[in-house]
Amino acid sequence: MTTGTLTAGRNRFRLPRKQIPVLATLALLLVMYGIGVSQYTAFSNVQVIFNVFIDNGFLLVVAVGMTFVILTGGIDLSVGSVVAMTAMVSAALLQDGMPAALVLVIALLIGPTLGLLMGCVIHFFEIQPFIVTLAGMFFARGMCTFISGASIPITDGFWTAMSQERIGNPRGNFVSISVLIAFVVVAIAAYVLAYTRLGRNVYAIGGNPQSALLMGLPVGRTRIAVYTISGLCSAIGGILLSFYTLSGAPLIAVGMELDVIAAVVIGGTVLTGGAGYVFGTVLGVLVLGVIQTLITFDGSLNSWWTKIVIGGLLFAFILLQRLIGIRYK
Amino acid sequence: MTDSRPVLTMTGISKSFPGVRALHDVNFRLFPGEVHALMGENGAGKSTLIKVLTGVYDTDEGAITLHDEPVSFSGPMQATAAGVSTVFQEVNLCTNLSVAENIFIGREPRLFGAVRWGEVRRRARALLARLDLDLDVSAPLGSYSLAIQQMVAIARAIDIKARVLILDEPTSSLDADEVAQLFRIMRQLRDEGIAILFVTHFLDQVYEIADRITVLRNGGLVGEYLTTELPQLSLVEKMIGKELDVLEGIEEHSRRDLATLEEGTPLVAVSNFGRAGAVEPFSLTIHAGEVVGLAGLLGSGRTEVARLLFGADRSDGGQVAVDGTASSLRTPAQAIDHGVGFCSENRRAEGIVADLSVRENMILAMQAARGWLRPIPRRRQDELVDKYVKALNIRPADPEVPVRNLSGGNQQKVLLARWLITEPRLLILDEPTRGIDIGAKTEIQKLVTQLSDGGMAVLFISAELEEVLRLSHKVAVMRDRQMVAQLANDESLDADRIMQTIASGSHREEADR
């Protein structure tokens, strides 16, 4: 029999192919860091990197949730509003004198509940995630202003402790609690995606939902799960943001969903789903953070340059994904 | 092998869709250790029966038993768990995942909830070795050919301790070697006692592998036969439900005198038509009422010739005469003005509007030609549609059914009707019968004959030489993007001679007939 012809693969250089987007992001990050170090002496301080994490810990957590959603080929536009709503609810409840532990539980339930609802609507009514989560976005943002039209400061002892706690080494470098929480979330997410059935089903659905269904995978359950996970990550992100700002404001994190999507895509996750890694998302968030830091260090550039650079990068990465041909379909 | 009890029985199965009765009182049984072919034309109900069996559809009536236990699967997942695995026509795997993962996803070996990747890969390698496949199991499935993907799908199916394996047209995208490989695997599985339900359009394959045949027609059961007791000819008759002499009739018909046809002015005469990189310059005349066959291998330039004649591609040079007067065919619009219609090869992708009814699909081209401001009166629409539904024997014969509910072959007939309604003077048919069953094929061939009798000129492109021979007055042979010969279809012409021409490029002496 002609086993010989049947063993022949079509391409021999596939191994790096899947990793190319992540490697490109890594290279980009190193180049940017190199530019920073060569231009500004203070840039080489490790604390610069730590600060990037401190300033973007909440963004990273939300981006991890978004990675799940985008891996299935979906999108979640509600994340920014859910972050704001979680912070708002926490601030309002704390202001009313509710104990911090109870507030945490309630705040952490709101996001996943909304995510679960949106996931159910998307699955059972077969409606595009774009429009369902857009509705979720308006709803959550509306709830923010419904709770209060103005910013609510947080004076709770637990919150201020979390905000001010520094975990550092003797040389004076430190990170915040938020960064540790973010790392834990990243580690759990990476494990779930690589080693659990839920995670593998996420990739299968992103690859080909029809096939996944015919292979007997729980497509509906998985799809609902990813929006719930994204909601949970947004809720955690909202808590982290309220640690960071010690307040809840109705107009905070406006447009954050777009930053998050940008970070995930720059991190190499394909928008049509099925390919990407949480590690890439970490790199994507770092890229955004380092751009901001570079522009801050420069001092003369308007902060809008951040957006312009991100826009350019996003184009470049989408083109890259096209060019290396995610042609597995 | 028939002494044991059936592993699977389906009794009195009926299933209807809006406007279509897909299955009516069908019985089917499957014994362990047999390959059982399910045969029927497009739309006979094969796919529906399989989908009912695997729980993709509910039954309206009827019962299914597996090992004498009544079962009713809620979906492929449950069916698979019960030991009824299906490999569908299109490979339904995830090309972005690795080969190993595609085999095991959904039932990966785990330790405390964590997938044991090492074990997954090891088992995948072992399983593929059993099928004589040596693949890199951690490579993405998409890096392998469709044939390999099909084998991986089978590997996935048999790993689930399958007792019943359903193969829905698994061979349609495989070449001969790959089919042989597949059959070897099928025999091996059969010998292990697995019952295999095999659906295919290829009759030869049925006789090569199947032990038993069940024939469906129009959603009804025709019968169950042992392969050894059912000659191929009777099988075809049972599938199409009529005697085969219809085909003979067509042949008698078409061997007409070319000379009488060629007396008049040619409808279209092109000389030195060609396009660099696509097809060498050629000359061709087509008369009213003449069927010109275009034979040649895939990629020999057949479609390119059609595209030049339709103006879809522009010729580098040469002259065109329509009705004897110099003219031009530089755009499809000009070609359509001259009464040229072009039914292209991939019409299913290009033409079908699945949500519109049969009637609406059929009148699209005519309506477009009239302009949207002059609607076709409903009575005229109904007349036309009725005529073609009858002429092409479109089933179900209800013009208001959405085209999506029709089988593939019938959808293709609807698209053919769309062009016929515009009453072209020259109709170019590029592979009009590919991928459709023998009944529909016969009907389309019959129609071509009728059309040419009515004075329409037809350029008929087909990879099947018998078909070209049966229909054409004249056969133009393509080879390596050259028109190497034009042969009159007289007694001396047969498939062998065309084949020789394709192979050798000889018979140049007849090229300017």
# chains A, B, ... in the order shown; residues from 1 in each chain; ligands from 1
$ residues_around --residues "Pro250 in chain A" --least-positions-apart "4" --cutoff "9 Å" --atoms "only C-alpha atoms" --output "mmCIF file with N, CA and C atoms, in the first residue's frame"
data_model
loop_
_atom_site.group_PDB
_atom_site.id
_atom_site.type_symbol
_atom_site.label_atom_id
_atom_site.label_comp_id
_atom_site.auth_asym_id
_atom_site.auth_seq_id
_atom_site.Cartn_x
_atom_site.Cartn_y
_atom_site.Cartn_z
ATOM 1 N N SER A 81 -17.394 48.601 30.392
ATOM 2 C CA SER A 81 -18.527 49.032 31.198
ATOM 3 C C SER A 81 -18.684 48.166 32.440
ATOM 4 N N ALA A 84 -16.211 49.283 34.995
ATOM 5 C CA ALA A 84 -16.669 50.513 35.645
ATOM 6 C C ALA A 84 -17.814 50.219 36.608
ATOM 7 N N MET A 85 -18.743 49.353 36.161
ATOM 8 C CA MET A 85 -19.900 49.068 37.006
ATOM 9 C C MET A 85 -19.457 48.361 38.282
ATOM 10 N N ALA A 87 -16.581 48.620 39.820
ATOM 11 C CA ALA A 87 -15.950 49.611 40.691
ATOM 12 C C ALA A 87 -17.008 50.507 41.345
ATOM 13 N N MET A 88 -18.006 50.898 40.539
ATOM 14 C CA MET A 88 -19.084 51.764 41.033
ATOM 15 C C MET A 88 -19.856 51.080 42.154
ATOM 16 N N ARG A 141 -22.987 50.470 31.448
ATOM 17 C CA ARG A 141 -22.585 51.877 31.553
ATOM 18 C C ARG A 141 -23.738 52.700 32.116
ATOM 19 N N GLY A 142 -24.930 52.372 31.680
ATOM 20 C CA GLY A 142 -26.106 53.067 32.203
ATOM 21 C C GLY A 142 -26.261 52.842 33.704
ATOM 22 N N MET A 143 -26.017 51.602 34.133
ATOM 23 C CA MET A 143 -26.124 51.300 35.558
ATOM 24 C C MET A 143 -25.149 52.137 36.379
ATOM 25 N N CYS A 144 -23.957 52.406 35.799
ATOM 26 C CA CYS A 144 -22.973 53.231 36.506
ATOM 27 C C CYS A 144 -23.561 54.586 36.861
ATOM 28 N N THR A 145 -24.104 55.257 35.882
ATOM 29 C CA THR A 145 -24.662 56.599 36.138
ATOM 30 C C THR A 145 -25.931 56.498 36.972
ATOM 31 N N PHE A 146 -26.639 55.378 36.865
ATOM 32 C CA PHE A 146 -27.824 55.178 37.688
ATOM 33 C C PHE A 146 -27.422 55.133 39.168
ATOM 34 N N ILE A 147 -26.292 54.469 39.443
ATOM 35 C CA ILE A 147 -25.818 54.382 40.828
ATOM 36 C C ILE A 147 -25.412 55.761 41.322
ATOM 37 N N SER A 148 -24.653 56.467 40.540
ATOM 38 C CA SER A 148 -24.269 57.827 40.927
ATOM 39 C C SER A 148 -23.775 58.568 39.702
ATOM 40 N N GLY A 149 -24.155 59.852 39.615
ATOM 41 C CA GLY A 149 -23.697 60.651 38.495
ATOM 42 C C GLY A 149 -22.268 61.120 38.702
ATOM 43 N N ALA A 150 -21.801 61.022 39.944
ATOM 44 C CA ALA A 150 -20.476 61.549 40.227
ATOM 45 C C ALA A 150 -19.592 60.453 40.802
ATOM 46 N N SER A 151 -18.321 60.737 40.848
ATOM 47 C CA SER A 151 -17.343 59.789 41.385
ATOM 48 C C SER A 151 -17.557 59.581 42.885
ATOM 49 N N ILE A 152 -17.453 58.315 43.341
ATOM 50 C CA ILE A 152 -17.595 58.008 44.766
ATOM 51 C C ILE A 152 -16.231 57.585 45.306
#
$ closest_atom_pairs --of "chain B" --to "chain A" --cutoff "7 Å" --atoms "only C-alpha atoms" --output "Markdown table"
| residue | atom | partner | partner_atom | distance |
| --- | --- | --- | --- | --- |
| B:Pro76 | CA | A:Gly216 | CA | 6.0 |
| B:Met77 | CA | A:Gly216 | CA | 4.0 |
| B:Asn92 | CA | A:Ser211 | CA | 4.4 |
| B:Leu93 | CA | A:Ser211 | CA | 5.2 |
| B:Cys94 | CA | A:Gly207 | CA | 5.4 |
| B:Thr95 | CA | A:Tyr328 | CA | 5.3 |
| B:Asn96 | CA | A:Gly207 | CA | 5.5 |
| B:Leu97 | CA | A:Ala204 | CA | 7.0 |
| B:Gly106 | CA | A:Leu217 | CA | 5.9 |
| B:Gly113 | CA | A:Thr196 | CA | 6.3 |
| B:Ala114 | CA | A:Tyr195 | CA | 4.9 |
| B:Val115 | CA | A:Tyr195 | CA | 4.9 |
| B:Asp132 | CA | A:Thr3 | CA | 6.8 |
| B:Leu133 | CA | A:Thr7 | CA | 6.5 |
| B:Asp134 | CA | A:Thr7 | CA | 5.4 |
| B:Leu135 | CA | A:Thr7 | CA | 5.6 |
| B:Gly142 | CA | A:Tyr328 | CA | 4.5 |
| B:Ser143 | CA | A:Arg10 | CA | 5.6 |
| B:Tyr144 | CA | A:Gly9 | CA | 5.1 |
| B:Ser145 | CA | A:Arg10 | CA | 6.8 |
| B:Ile148 | CA | A:Leu6 | CA | 6.6 |
| B:Asp177 | CA | A:Thr2 | CA | 6.8 |
| B:Gln181 | CA | A:Met1 | CA | 6.8 |
$ select_by_dssp --residues "range 33-235 of chain B" --states "strand (DSSP E)" --output "number ranges by chain"
B: 35-39, 61-66, 69-71, 84-87, 110-111, 114-115, 164-168, 195-199, 212-217, 220-226
$ atom_distance --atom1 "CA of Val264 in chain A" --atom2 "CA of Val37 in chain A"
25.4 Å
$ decode --residues "range 263-277 of chain A" --atoms "C-alpha atoms" --output "short mmCIF file (atom, residue, chain, number, x, y, z; two decimals), in the first residue's frame"
data_model
loop_
_atom_site.label_atom_id
_atom_site.label_comp_id
_atom_site.auth_asym_id
_atom_site.auth_seq_id
_atom_site.Cartn_x
_atom_site.Cartn_y
_atom_site.Cartn_z
CA ALA A 263 -3.88 43.96 23.34
CA VAL A 264 -5.27 40.50 22.63
CA VAL A 265 -4.82 40.85 18.86
CA ILE A 266 -1.33 42.34 19.16
CA GLY A 267 -0.62 39.39 21.43
CA GLY A 268 -1.20 37.10 18.46
CA THR A 269 -4.71 35.78 19.04
CA VAL A 270 -6.54 35.49 15.76
CA LEU A 271 -9.80 37.45 15.67
CA THR A 272 -11.60 34.63 13.87
CA GLY A 273 -10.70 32.32 16.73
CA GLY A 274 -8.89 29.06 17.19
CA ALA A 275 -5.33 30.27 17.60
CA GLY A 276 -3.59 32.27 20.30
CA TYR A 277 -2.13 32.06 23.78
#
